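Engineer: What follows is the file input_15.cif, containing mmCIF, C-alpha atoms:
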data_input
loop_
_atom_site.label_atom_id
_atom_site.label_comp_id
_atom_site.auth_asym_id
_atom_site.auth_seq_id
_atom_site.Cartn_x
_atom_site.Cartn_y
_atom_site.Cartn_z
CA MET A 25 -54.63 -126.74 -54.43
CA ARG A 26 -56.71 -129.86 -54.94
CA ASP A 27 -55.88 -132.76 -52.63
CA ASP A 28 -55.78 -135.20 -55.54
CA ARG A 29 -53.19 -133.38 -57.66
CA LEU A 30 -49.67 -131.97 -57.28
CA LEU A 31 -48.30 -129.00 -59.18
CA ALA A 32 -44.98 -128.70 -61.01
CA ARG A 33 -43.62 -125.51 -62.52
CA TYR A 34 -41.21 -125.55 -65.47
CA LEU A 35 -39.12 -123.05 -67.37
CA VAL A 36 -39.15 -124.11 -71.05
CA GLU A 37 -37.45 -122.90 -74.22
CA THR A 38 -38.77 -123.92 -77.66
CA PRO A 39 -39.10 -122.58 -81.22
CA LEU A 40 -42.66 -123.94 -81.24
CA ASP A 41 -45.89 -122.71 -79.69
CA PRO A 42 -45.40 -123.02 -75.89
CA ALA A 43 -49.04 -124.03 -75.48
CA ALA A 44 -48.58 -126.97 -77.83
CA VAL A 45 -45.35 -127.96 -76.10
CA ALA A 46 -47.07 -127.81 -72.70
CA GLU A 47 -49.66 -130.31 -73.93
CA VAL A 48 -46.89 -132.60 -75.16
CA MET A 49 -45.25 -132.40 -71.72
CA ALA A 50 -48.51 -133.20 -69.95
CA GLY A 51 -49.23 -136.16 -72.19
CA GLU A 52 -45.69 -137.57 -72.13
CA GLN A 53 -45.64 -137.71 -68.32
CA SER A 54 -49.12 -139.11 -67.81
CA SER A 55 -51.53 -141.05 -70.02
CA GLY A 56 -50.35 -140.20 -73.52
CA THR A 57 -47.57 -140.21 -76.07
CA PHE A 58 -47.02 -138.17 -79.23
CA VAL A 59 -50.17 -139.67 -80.81
CA ARG A 60 -53.31 -141.16 -79.30
CA VAL A 61 -52.94 -144.92 -78.95
CA GLU A 62 -55.26 -147.87 -78.53
CA GLY A 63 -56.77 -147.91 -75.06
CA GLU A 64 -56.36 -144.17 -74.54
CA THR A 65 -60.05 -143.44 -74.16
CA ASP A 66 -61.62 -140.12 -73.28
CA ALA A 67 -62.57 -141.51 -69.87
CA LEU A 68 -58.99 -142.64 -69.20
CA ARG A 69 -57.62 -139.25 -70.24
CA GLU A 70 -60.11 -137.46 -68.03
CA ARG A 71 -59.08 -139.55 -65.03
CA SER A 72 -55.32 -139.78 -65.43
CA ARG A 73 -53.97 -137.16 -67.81
CA ALA A 74 -51.83 -134.33 -66.47
CA THR A 75 -53.32 -130.90 -66.98
CA VAL A 76 -51.72 -127.68 -68.18
CA GLU A 77 -52.74 -125.11 -65.56
CA SER A 78 -51.01 -121.97 -66.82
CA ILE A 79 -48.56 -120.66 -69.40
CA VAL A 80 -46.71 -117.37 -68.99
CA GLU A 81 -44.62 -116.47 -72.00
CA LEU A 82 -41.35 -114.68 -71.30
CA GLU A 83 -38.85 -112.83 -73.47
CA SER A 84 -37.51 -114.93 -76.32
CA ALA A 85 -33.82 -115.67 -76.95
CA PRO A 86 -31.79 -115.14 -80.16
CA VAL A 87 -30.02 -118.51 -79.91
CA PRO A 88 -31.04 -121.84 -78.35
CA ALA A 89 -29.77 -122.71 -74.89
CA LEU A 90 -29.03 -126.32 -75.86
CA PRO A 91 -28.48 -128.27 -79.10
CA ASN A 92 -31.37 -130.31 -80.46
CA ALA A 93 -30.98 -132.81 -83.32
CA TRP A 94 -34.76 -133.39 -83.54
CA LEU A 95 -35.41 -129.74 -84.32
CA GLU A 96 -32.49 -129.64 -86.74
CA ARG A 97 -33.91 -132.58 -88.67
CA LYS A 98 -37.17 -130.68 -88.98
CA SER A 99 -35.35 -127.46 -89.96
CA LYS A 100 -36.97 -125.57 -87.10
CA ARG A 101 -35.43 -122.18 -86.37
CA GLY A 102 -35.96 -119.45 -83.77
CA PRO A 103 -36.98 -117.21 -82.25
CA TRP A 104 -36.48 -119.39 -79.20
CA ARG A 105 -39.56 -118.76 -77.11
CA ARG A 106 -39.39 -119.13 -73.35
CA ALA A 107 -42.31 -119.71 -71.00
CA ARG A 108 -43.19 -120.73 -67.47
CA ILE A 109 -45.55 -123.65 -67.56
CA ASP A 110 -47.53 -125.05 -64.63
CA ILE A 111 -48.73 -128.65 -64.95
CA SER A 112 -50.77 -130.57 -62.39
CA PHE A 113 -50.45 -134.34 -62.10
CA PRO A 114 -53.02 -136.78 -60.70
CA ILE A 115 -51.63 -138.22 -57.47
CA ALA A 116 -53.39 -141.50 -58.22
CA ASN A 117 -50.93 -142.03 -61.09
CA ILE A 118 -48.02 -141.94 -58.66
CA GLY A 119 -49.04 -142.97 -55.16
CA ALA A 120 -46.61 -142.71 -52.25
CA ASN A 121 -43.76 -143.76 -54.52
CA LEU A 122 -40.89 -141.30 -54.37
CA PRO A 123 -38.82 -142.57 -57.33
CA THR A 124 -41.93 -142.56 -59.50
CA LEU A 125 -42.77 -139.05 -58.34
CA ALA A 126 -39.31 -137.95 -59.45
CA ALA A 127 -39.65 -139.81 -62.76
CA THR A 128 -43.00 -138.13 -63.36
CA VAL A 129 -42.00 -134.52 -62.76
CA ALA A 130 -38.34 -134.77 -63.86
CA GLY A 131 -38.04 -137.73 -66.22
CA ASN A 132 -38.26 -137.91 -70.02
CA LEU A 133 -39.24 -134.24 -70.20
CA TYR A 134 -35.55 -133.36 -70.47
CA ASP A 135 -35.25 -135.43 -73.65
CA LEU A 136 -38.25 -134.00 -75.51
CA GLY A 137 -37.44 -133.00 -79.07
CA GLU A 138 -39.70 -129.96 -78.82
CA VAL A 139 -37.51 -128.13 -76.33
CA THR A 140 -34.07 -126.53 -76.34
CA GLY A 141 -34.21 -125.97 -72.60
CA LEU A 142 -36.26 -127.29 -69.71
CA ARG A 143 -35.89 -126.80 -65.97
CA LEU A 144 -38.09 -128.02 -63.13
CA GLU A 145 -38.44 -124.92 -60.98
CA ALA A 146 -40.84 -125.82 -58.18
CA LEU A 147 -43.06 -128.49 -56.70
CA GLN A 148 -46.20 -127.90 -54.64
CA LEU A 149 -47.80 -130.75 -52.71
CA PRO A 150 -51.19 -130.96 -50.98
CA ALA A 151 -50.94 -131.71 -47.27
CA PRO A 152 -52.58 -135.18 -47.41
CA TYR A 153 -50.03 -136.28 -49.99
CA ARG A 154 -47.13 -134.83 -48.00
CA ARG A 155 -48.19 -136.89 -45.00
CA ARG A 156 -47.78 -140.11 -46.98
CA PHE A 157 -44.00 -139.67 -47.08
CA GLU A 158 -41.23 -139.59 -44.50
CA LEU A 159 -40.92 -136.67 -42.09
CA PRO A 160 -37.63 -135.60 -40.52
CA ARG A 161 -37.20 -137.57 -37.31
CA VAL A 162 -34.87 -134.95 -35.84
CA GLY A 163 -35.22 -131.72 -37.83
CA LEU A 164 -34.60 -128.29 -36.34
CA ALA A 165 -35.77 -128.84 -32.79
CA GLY A 166 -34.29 -132.31 -32.49
CA THR A 167 -30.90 -131.15 -33.70
CA ARG A 168 -30.86 -128.43 -31.07
CA ARG A 169 -31.92 -130.89 -28.37
CA ALA A 170 -29.24 -133.37 -29.39
CA ILE A 171 -26.54 -130.72 -29.17
CA GLY A 172 -28.03 -128.95 -26.15
CA VAL A 173 -28.16 -125.49 -27.76
CA GLU A 174 -31.56 -123.83 -27.52
CA LYS A 175 -30.78 -120.71 -29.54
CA GLY A 176 -28.06 -119.20 -31.64
CA ALA A 177 -26.48 -120.47 -34.82
CA LEU A 178 -24.90 -123.92 -34.55
CA VAL A 179 -21.20 -123.56 -35.32
CA GLY A 180 -19.68 -126.49 -37.13
CA THR A 181 -16.60 -127.55 -39.00
CA ILE A 182 -15.34 -130.24 -41.37
CA ILE A 183 -12.57 -132.78 -40.86
CA LYS A 184 -9.55 -131.37 -42.70
CA PRO A 185 -7.46 -132.90 -44.17
CA ASN A 186 -10.47 -134.71 -45.58
CA VAL A 187 -8.61 -137.89 -46.51
CA GLY A 188 -5.44 -139.57 -45.30
CA LEU A 189 -5.88 -139.34 -41.53
CA SER A 190 -6.01 -142.63 -39.66
CA ALA A 191 -8.86 -143.43 -37.29
CA GLN A 192 -6.77 -142.38 -34.29
CA GLU A 193 -5.53 -139.22 -36.01
CA THR A 194 -9.12 -138.33 -36.86
CA ALA A 195 -10.16 -138.90 -33.25
CA ALA A 196 -7.34 -136.69 -32.00
CA LEU A 197 -8.46 -133.89 -34.35
CA VAL A 198 -12.07 -134.30 -33.21
CA GLY A 199 -10.86 -133.99 -29.63
CA ARG A 200 -9.17 -130.68 -30.44
CA LEU A 201 -12.27 -129.43 -32.23
CA CYS A 202 -14.50 -130.40 -29.31
CA ALA A 203 -12.19 -128.52 -26.97
CA ALA A 204 -12.34 -125.54 -29.34
CA GLY A 205 -16.07 -125.27 -28.68
CA VAL A 206 -17.75 -126.38 -31.92
CA ASP A 207 -21.30 -127.71 -31.90
CA PHE A 208 -21.07 -129.89 -34.98
CA ILE A 209 -18.36 -131.79 -36.90
CA LYS A 210 -18.83 -133.55 -40.21
CA ASP A 211 -16.83 -135.85 -42.41
CA ASP A 212 -16.01 -134.68 -45.90
CA GLU A 213 -18.11 -136.09 -48.71
CA VAL A 214 -15.15 -137.92 -50.26
CA SER A 215 -14.17 -139.67 -47.02
CA ALA A 216 -16.60 -142.44 -46.12
CA ASP A 217 -15.08 -145.87 -45.45
CA PRO A 218 -11.46 -145.58 -46.64
CA ALA A 219 -8.84 -148.23 -46.04
CA HIS A 220 -6.73 -145.93 -43.85
CA ALA A 221 -9.67 -145.05 -41.56
CA PRO A 222 -12.55 -147.52 -41.97
CA LEU A 223 -15.77 -146.68 -40.20
CA ALA A 224 -15.44 -149.80 -38.07
CA GLN A 225 -12.36 -148.19 -36.50
CA ARG A 226 -13.13 -144.50 -36.95
CA VAL A 227 -16.57 -144.42 -35.33
CA PRO A 228 -15.49 -146.04 -32.02
CA ALA A 229 -12.30 -143.93 -31.87
CA VAL A 230 -14.12 -140.65 -32.53
CA MET A 231 -17.08 -141.38 -30.27
CA ALA A 232 -14.77 -142.28 -27.38
CA VAL A 233 -13.38 -138.75 -27.62
CA VAL A 234 -16.84 -137.20 -27.97
CA ARG A 235 -18.16 -139.12 -24.94
CA ALA A 236 -15.13 -138.11 -22.87
CA HIS A 237 -15.69 -134.46 -23.81
CA ARG A 238 -19.35 -134.71 -22.80
CA GLU A 239 -18.50 -136.29 -19.46
CA ARG A 240 -15.88 -133.64 -18.80
CA THR A 241 -17.83 -130.55 -19.91
CA GLY A 242 -21.50 -131.54 -20.16
CA ARG A 243 -21.51 -130.45 -23.84
CA GLN A 244 -22.61 -132.85 -26.57
CA VAL A 245 -20.98 -132.37 -29.98
CA MET A 246 -22.86 -133.78 -32.96
CA VAL A 247 -20.67 -135.69 -35.42
CA ALA A 248 -22.02 -136.48 -38.90
CA PHE A 249 -20.24 -139.65 -39.96
CA ASN A 250 -20.18 -140.11 -43.72
CA ILE A 251 -21.78 -143.54 -44.20
CA THR A 252 -22.33 -143.19 -47.96
CA ASP A 253 -22.37 -146.73 -49.35
CA GLU A 254 -24.78 -149.29 -50.77
CA THR A 255 -27.99 -149.57 -48.80
CA ASP A 256 -27.32 -152.57 -46.56
CA ALA A 257 -23.88 -151.23 -45.67
CA MET A 258 -25.37 -147.83 -44.75
CA ARG A 259 -27.77 -149.53 -42.36
CA ARG A 260 -24.89 -151.39 -40.72
CA HIS A 261 -22.85 -148.20 -40.47
CA ALA A 262 -25.79 -146.33 -38.92
CA ASP A 263 -26.22 -149.12 -36.35
CA LEU A 264 -22.56 -148.81 -35.41
CA VAL A 265 -22.88 -145.04 -34.92
CA GLU A 266 -25.97 -145.54 -32.76
CA ARG A 267 -24.29 -148.23 -30.63
CA GLU A 268 -21.36 -145.91 -29.99
CA GLY A 269 -23.66 -143.12 -28.80
CA GLY A 270 -23.58 -141.02 -31.95
CA ASN A 271 -26.55 -138.98 -33.12
CA CYS A 272 -25.96 -138.17 -36.80
CA VAL A 273 -25.01 -139.81 -40.08
CA MET A 274 -24.29 -138.21 -43.43
CA ALA A 275 -24.95 -139.47 -46.95
CA SER A 276 -24.21 -138.18 -50.44
CA LEU A 277 -27.78 -137.88 -51.64
CA ASN A 278 -27.34 -137.88 -55.39
CA TRP A 279 -25.20 -140.99 -55.46
CA CYS A 280 -27.15 -143.03 -52.92
CA GLY A 281 -30.54 -142.26 -54.45
CA LEU A 282 -33.99 -141.47 -53.13
CA SER A 283 -34.91 -145.06 -52.26
CA ALA A 284 -31.70 -145.67 -50.32
CA ILE A 285 -32.21 -142.52 -48.25
CA GLN A 286 -35.81 -143.52 -47.56
CA THR A 287 -34.62 -146.92 -46.38
CA LEU A 288 -31.96 -145.32 -44.19
CA ARG A 289 -34.51 -142.89 -42.70
CA ARG A 290 -36.87 -145.73 -41.82
CA HIS A 291 -34.04 -147.75 -40.31
CA THR A 292 -32.33 -145.29 -37.98
CA PRO A 293 -33.45 -142.71 -35.40
CA LEU A 294 -30.26 -140.70 -36.00
CA ALA A 295 -30.25 -137.34 -37.74
CA VAL A 296 -29.67 -137.74 -41.49
CA HIS A 297 -27.34 -135.03 -42.80
CA GLY A 298 -28.01 -134.66 -46.52
CA HIS A 299 -24.97 -133.72 -48.61
CA ARG A 300 -25.88 -132.55 -52.09
CA ASN A 301 -22.48 -132.94 -53.81
CA GLY A 302 -23.07 -133.23 -57.54
CA TYR A 303 -26.08 -130.90 -57.46
CA GLY A 304 -24.23 -128.45 -59.68
CA ALA A 305 -24.50 -130.95 -62.55
CA LEU A 306 -28.27 -130.77 -62.14
CA SER A 307 -28.61 -127.04 -61.67
CA ARG A 308 -25.86 -124.77 -63.00
CA HIS A 309 -27.33 -124.29 -66.46
CA PRO A 310 -30.28 -121.88 -66.16
CA LEU A 311 -32.30 -123.73 -68.83
CA LEU A 312 -31.62 -127.28 -67.70
CA GLY A 313 -32.07 -129.48 -64.65
CA ILE A 314 -33.81 -128.74 -61.40
CA SER A 315 -34.00 -125.78 -59.06
CA PHE A 316 -33.24 -126.20 -55.38
CA GLN A 317 -36.86 -125.73 -54.33
CA ALA A 318 -37.93 -128.82 -56.27
CA TYR A 319 -34.72 -130.71 -55.46
CA GLN A 320 -34.99 -130.25 -51.71
CA THR A 321 -38.68 -131.13 -51.82
CA LEU A 322 -37.86 -134.61 -53.11
CA TRP A 323 -35.14 -135.17 -50.52
CA ARG A 324 -37.31 -133.90 -47.69
CA LEU A 325 -39.91 -136.46 -48.73
CA ALA A 326 -37.16 -139.03 -48.21
CA GLY A 327 -36.84 -137.81 -44.60
CA VAL A 328 -33.55 -135.92 -44.34
CA ASP A 329 -32.99 -133.63 -41.34
CA HIS A 330 -30.27 -131.31 -42.69
CA MET A 331 -29.70 -130.02 -46.25
CA HIS A 332 -26.59 -128.36 -47.66
CA VAL A 333 -27.18 -124.97 -49.29
CA HIS A 334 -23.55 -123.84 -49.82
CA GLY A 335 -22.60 -120.45 -48.35
CA LEU A 336 -22.79 -116.72 -48.95
CA GLN A 337 -19.75 -115.09 -50.50
CA GLY A 338 -18.29 -118.59 -50.67
CA LYS A 339 -15.95 -120.44 -53.00
CA PHE A 340 -18.54 -122.00 -55.30
CA ALA A 341 -20.24 -120.66 -58.43
CA GLN A 342 -23.70 -120.00 -57.02
CA PRO A 343 -24.89 -116.41 -56.66
CA ASP A 344 -25.70 -115.37 -53.12
CA GLU A 345 -29.40 -114.94 -53.89
CA GLU A 346 -29.63 -118.62 -54.83
CA VAL A 347 -28.02 -119.63 -51.53
CA VAL A 348 -30.47 -117.43 -49.62
CA ASP A 349 -33.46 -118.83 -51.49
CA SER A 350 -32.20 -122.35 -50.80
CA ALA A 351 -31.97 -121.72 -47.05
CA ARG A 352 -35.45 -120.22 -47.01
CA ASP A 353 -36.78 -123.23 -48.88
CA CYS A 354 -35.41 -125.52 -46.16
CA LEU A 355 -37.03 -123.41 -43.47
CA ALA A 356 -40.46 -123.36 -45.14
CA PRO A 357 -42.97 -126.18 -44.57
CA LEU A 358 -43.73 -128.19 -47.71
CA ALA A 359 -47.45 -128.14 -46.96
CA ASP A 360 -49.84 -126.28 -44.69
CA GLY A 361 -50.11 -127.54 -41.13
CA ILE A 362 -47.01 -129.77 -41.22
CA ASP A 363 -43.79 -128.80 -39.48
CA ASP A 364 -41.29 -130.62 -41.68
CA ARG A 365 -38.64 -127.92 -41.76
CA VAL A 366 -35.04 -129.04 -42.08
CA MET A 367 -31.81 -127.42 -40.94
CA PRO A 368 -29.99 -125.58 -43.75
CA ALA A 369 -26.26 -126.25 -43.64
CA PHE A 370 -24.10 -123.35 -44.81
CA SER A 371 -20.60 -124.27 -45.93
CA SER A 372 -17.90 -123.48 -48.51
CA GLY A 373 -15.55 -120.63 -47.68
CA GLN A 374 -17.43 -119.55 -44.56
CA TRP A 375 -15.75 -117.57 -41.78
CA ALA A 376 -16.58 -114.76 -39.37
CA GLY A 377 -16.65 -112.23 -42.19
CA THR A 378 -19.52 -113.98 -44.00
CA VAL A 379 -21.76 -114.03 -40.90
CA PRO A 380 -23.40 -110.60 -41.36
CA ALA A 381 -24.52 -111.44 -44.89
CA THR A 382 -25.93 -114.76 -43.68
CA TRP A 383 -27.83 -113.19 -40.79
CA GLY A 384 -29.08 -110.36 -42.99
CA ALA A 385 -30.38 -112.76 -45.61
CA VAL A 386 -31.94 -115.45 -43.43
CA GLY A 387 -32.78 -113.45 -40.32
CA CYS A 388 -32.71 -116.39 -37.93
CA ASP A 389 -30.30 -118.73 -36.16
CA ASP A 390 -31.84 -122.01 -37.28
CA LEU A 391 -28.90 -123.12 -39.36
CA LEU A 392 -25.62 -124.97 -39.31
CA PHE A 393 -22.79 -122.52 -40.00
CA MET A 394 -19.90 -124.74 -41.00
CA SER A 395 -16.43 -123.36 -41.36
CA GLY A 396 -13.37 -125.39 -42.25
CA GLY A 397 -10.51 -123.02 -42.89
CA GLY A 398 -12.30 -120.23 -41.02
CA ILE A 399 -11.83 -122.25 -37.83
CA LEU A 400 -8.86 -124.52 -38.45
CA ALA A 401 -6.75 -121.84 -40.16
CA HIS A 402 -7.36 -119.03 -37.65
CA PRO A 403 -3.88 -117.69 -36.78
CA ASP A 404 -4.54 -118.15 -33.05
CA GLY A 405 -5.90 -121.67 -33.37
CA ALA A 406 -9.23 -123.44 -33.69
CA ALA A 407 -10.68 -122.16 -30.42
CA ALA A 408 -10.06 -118.60 -31.56
CA GLY A 409 -11.67 -119.46 -34.90
CA VAL A 410 -14.82 -120.68 -33.17
CA ALA A 411 -14.83 -117.64 -30.87
CA SER A 412 -14.50 -115.29 -33.83
CA ILE A 413 -17.57 -116.81 -35.49
CA ARG A 414 -19.64 -116.63 -32.30
CA GLN A 415 -18.55 -113.02 -31.81
CA ALA A 416 -19.58 -112.26 -35.38
CA TRP A 417 -23.01 -113.81 -34.84
CA ALA A 418 -23.55 -111.82 -31.65
CA ALA A 419 -22.59 -108.63 -33.48
CA ALA A 420 -24.92 -109.40 -36.38
CA ARG A 421 -27.86 -110.06 -34.06
CA ASP A 422 -27.11 -106.82 -32.22
CA GLY A 423 -26.84 -104.87 -35.47
CA VAL A 424 -23.22 -103.92 -34.75
CA PRO A 425 -20.65 -103.78 -37.61
CA LEU A 426 -17.92 -106.38 -37.28
CA ALA A 427 -15.15 -103.80 -37.31
CA GLU A 428 -16.75 -102.07 -34.34
CA ARG A 429 -17.29 -105.30 -32.39
CA ALA A 430 -13.71 -106.39 -33.18
CA ARG A 431 -12.38 -103.56 -31.00
CA GLU A 432 -13.47 -105.57 -27.97
CA ALA A 433 -13.18 -109.07 -29.50
CA PRO A 434 -9.56 -109.97 -30.26
CA GLU A 435 -10.37 -113.29 -31.94
CA LEU A 436 -12.71 -111.53 -34.34
CA ALA A 437 -10.16 -108.79 -34.96
CA ARG A 438 -7.51 -111.36 -35.86
CA ALA A 439 -9.91 -113.19 -38.16
CA LEU A 440 -10.84 -110.00 -40.00
CA ALA A 441 -7.23 -109.07 -40.48
CA PHE A 442 -6.10 -112.56 -41.53
CA PHE A 443 -8.91 -113.88 -43.74
CA ALA A 444 -9.72 -110.61 -45.44
CA SER A 445 -6.26 -110.62 -46.97
CA ALA A 446 -6.11 -114.40 -47.63
#
The structure given in the file should be rewritten as structure tokens.
Structural biologist:
Amino acid sequence: MRDDRLLARYLVETPLDPAAVAEVMAGEQSSGTFVRVEGETDALRERSRATVESIVELESAPVPALPNAWLERKSKRGPWRRARIDISFPIANIGANLPTLAATVAGNLYDLGEVTGLRLEALQLPAPYRRRFELPRVGLAGTRRAIGVEKGALVGTIIKPNVGLSAQETAALVGRLCAAGVDFIKDDEVSADPAHAPLAQRVPAVMAVVRAHRERTGRQVMVAFNITDETDAMRRHADLVEREGGNCVMASLNWCGLSAIQTLRRHTPLAVHGHRNGYGALSRHPLLGISFQAYQTLWRLAGVDHMHVHGLQGKFAQPDEEVVDSARDCLAPLADGIDDRVMPAFSSGQWAGTVPATWGAVGCDDLLFMSGGGILAHPDGAAAGVASIRQAWAAARDGVPLAERAREAPELARALAFFASA
């Protein structure tokens, strides 16, 4: 890849010639519009126009994926041709400007009249360009150091009930979870700074419990406080967490925005736990939106340390293969020679029984395995829930079926019997 260009891959559906549509896409997102205009010289186009690098036509479809009034006005009919299109963009057009990068590769393209489907599938960046953006300050190694766990999956959970608990009730629950042996605890995405448990009260109350646990046991539990808010408030919230001895904050990425997360990253040394709630609106339709590879690339340029990927055999709509690919994307450097890997966070319906599939798919322990009900609803209590997950991970690493390991692991046996029938 040339150092002066980045590459974007798209899946496109159109009743027109895909090659002609690709040129429209390239022009629309760089130096041109639908016709050549005054000032658009050959020299300018040579310097700044995006370039169509490849077109691979796929099987056509009998009906369009999405409605399109522009095509209807022109009485255009199928077949609806589909193609993968690679377009390279001059980096000089964009600079180290993350919102403009996003607007370039994922902006007006979705509104083009020529297409009945368009999805940004992947982004590839040259290493010099990657270095112009934020790197994770904590990342994989820093998260392990902060928790004090050198190897093995990091077992986490979520505050449940997610709303309604007071600051003191939340702290009491965190105390029980610390005693149960978790490595990581996070707020829910819909509980940030509520009236019944404002961060100004919740952070000191929770961190007092976490510090007491550390002093008593020597174990540091990482708590991701949800500080989702407008930018200045997030900086204040992060400062509060840092003053109280915390080491992680969480933000709802899609609703805060790329610039706000960049500002937060530059402001705080704490781990930034990226929650992707709302991503389904950008991704669930196969011919619309943005794939996780491209999505997580943008957020990693903003400097997050952890990224949610959902979970295998979980409660959400994603197929398992998409979850696996998402985790692998997080664990792959964005550019050669740069270790900017981030910790994939598995969640949604996870319990001891989903561990073997997770281990088999990812093949490593560099992940947050977060279980709400799988820990808090274990019939023998939260400590047994944590134990069952650790027993399942040990079995998976050893290549031992869970049913076999359960004969000598009562917590795992109880989890298999209880959750399998839930």
Engineer: Which residues fall under the PyMOL selection byres ((chain A and resi 389) around 8) in this file, as a count of residues only?
Structural biologist: 9
Engineer: Around stretch 231-246 of chain A, with edges along x, y and z and 5 Å added on all six sides, what centre and edge lengths do you get, in Å to one decimal, as AutoDock Vina command-line options?
Structural biologist:
--center_x -18.1 --center_y -136.4 --center_z -25.9 --size_x 19.5 --size_y 21.8 --size_z 24.2
Engineer: I want to know what sits within 9 Å of A:Ala408, based on only C-alpha atoms, with residues of the same chain fewer than 3 positions away left out; could you give that as a list in words?
Structural biologist: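 Within the cut-off, the hits are Ala204, Ile399, His402, Pro403, Asp404, Gly405, Ala411, Ser412, Ile413, Pro434, Glu435, Leu436, Arg438 and Ala439 of chain A.
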Engineer: State, in Å with one decimal place, the distance from atom CA of A:Met367 to atom CA of A:His330.
Structural biologist: 4.5 Å
Engineer: Evaluating the PyMOL selection byres ((chain A and resi 254) around 12) on the displayed file yields which residues, as a list in words?
Structural biologist: Ala216, Asp217, Ile251, Thr252, Asp253, Thr255, Asp256, Ala257, Met258, Arg259, Arg260, His261, Ala275, Ser276, Leu277, Trp279, Cys280, Gly281, Ser283, Ala284, Ile285, Thr287 and Leu288 of chain A
Engineer: Specify as a VMD selection string each residue included when the PyMOL selection byres ((chain A and resi 50) around 7) is applied to this file.
Structural biologist: chain A and resid 46 to 49 51 to 54 74 to 76 111
Engineer: Point out the residue among A:Ser350, A:Val206, A:Ala165, A:Arg421 with the least atom-to-atom distance to A:Asp363, counting all atoms listed in the file.
Structural biologist: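 Of all the options, A:Ala165 lies closest to A:Asp363.
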Engineer: Mind checking which residues fall within 9 Å of A:Ala120, counting only C-alpha atoms, ignoring those fewer than 2 positions away in the same chain, and posting them as a VMD selection string?
Structural biologist: chain A and resid 115 118 122 124 to 125 153 to 154 156 to 157
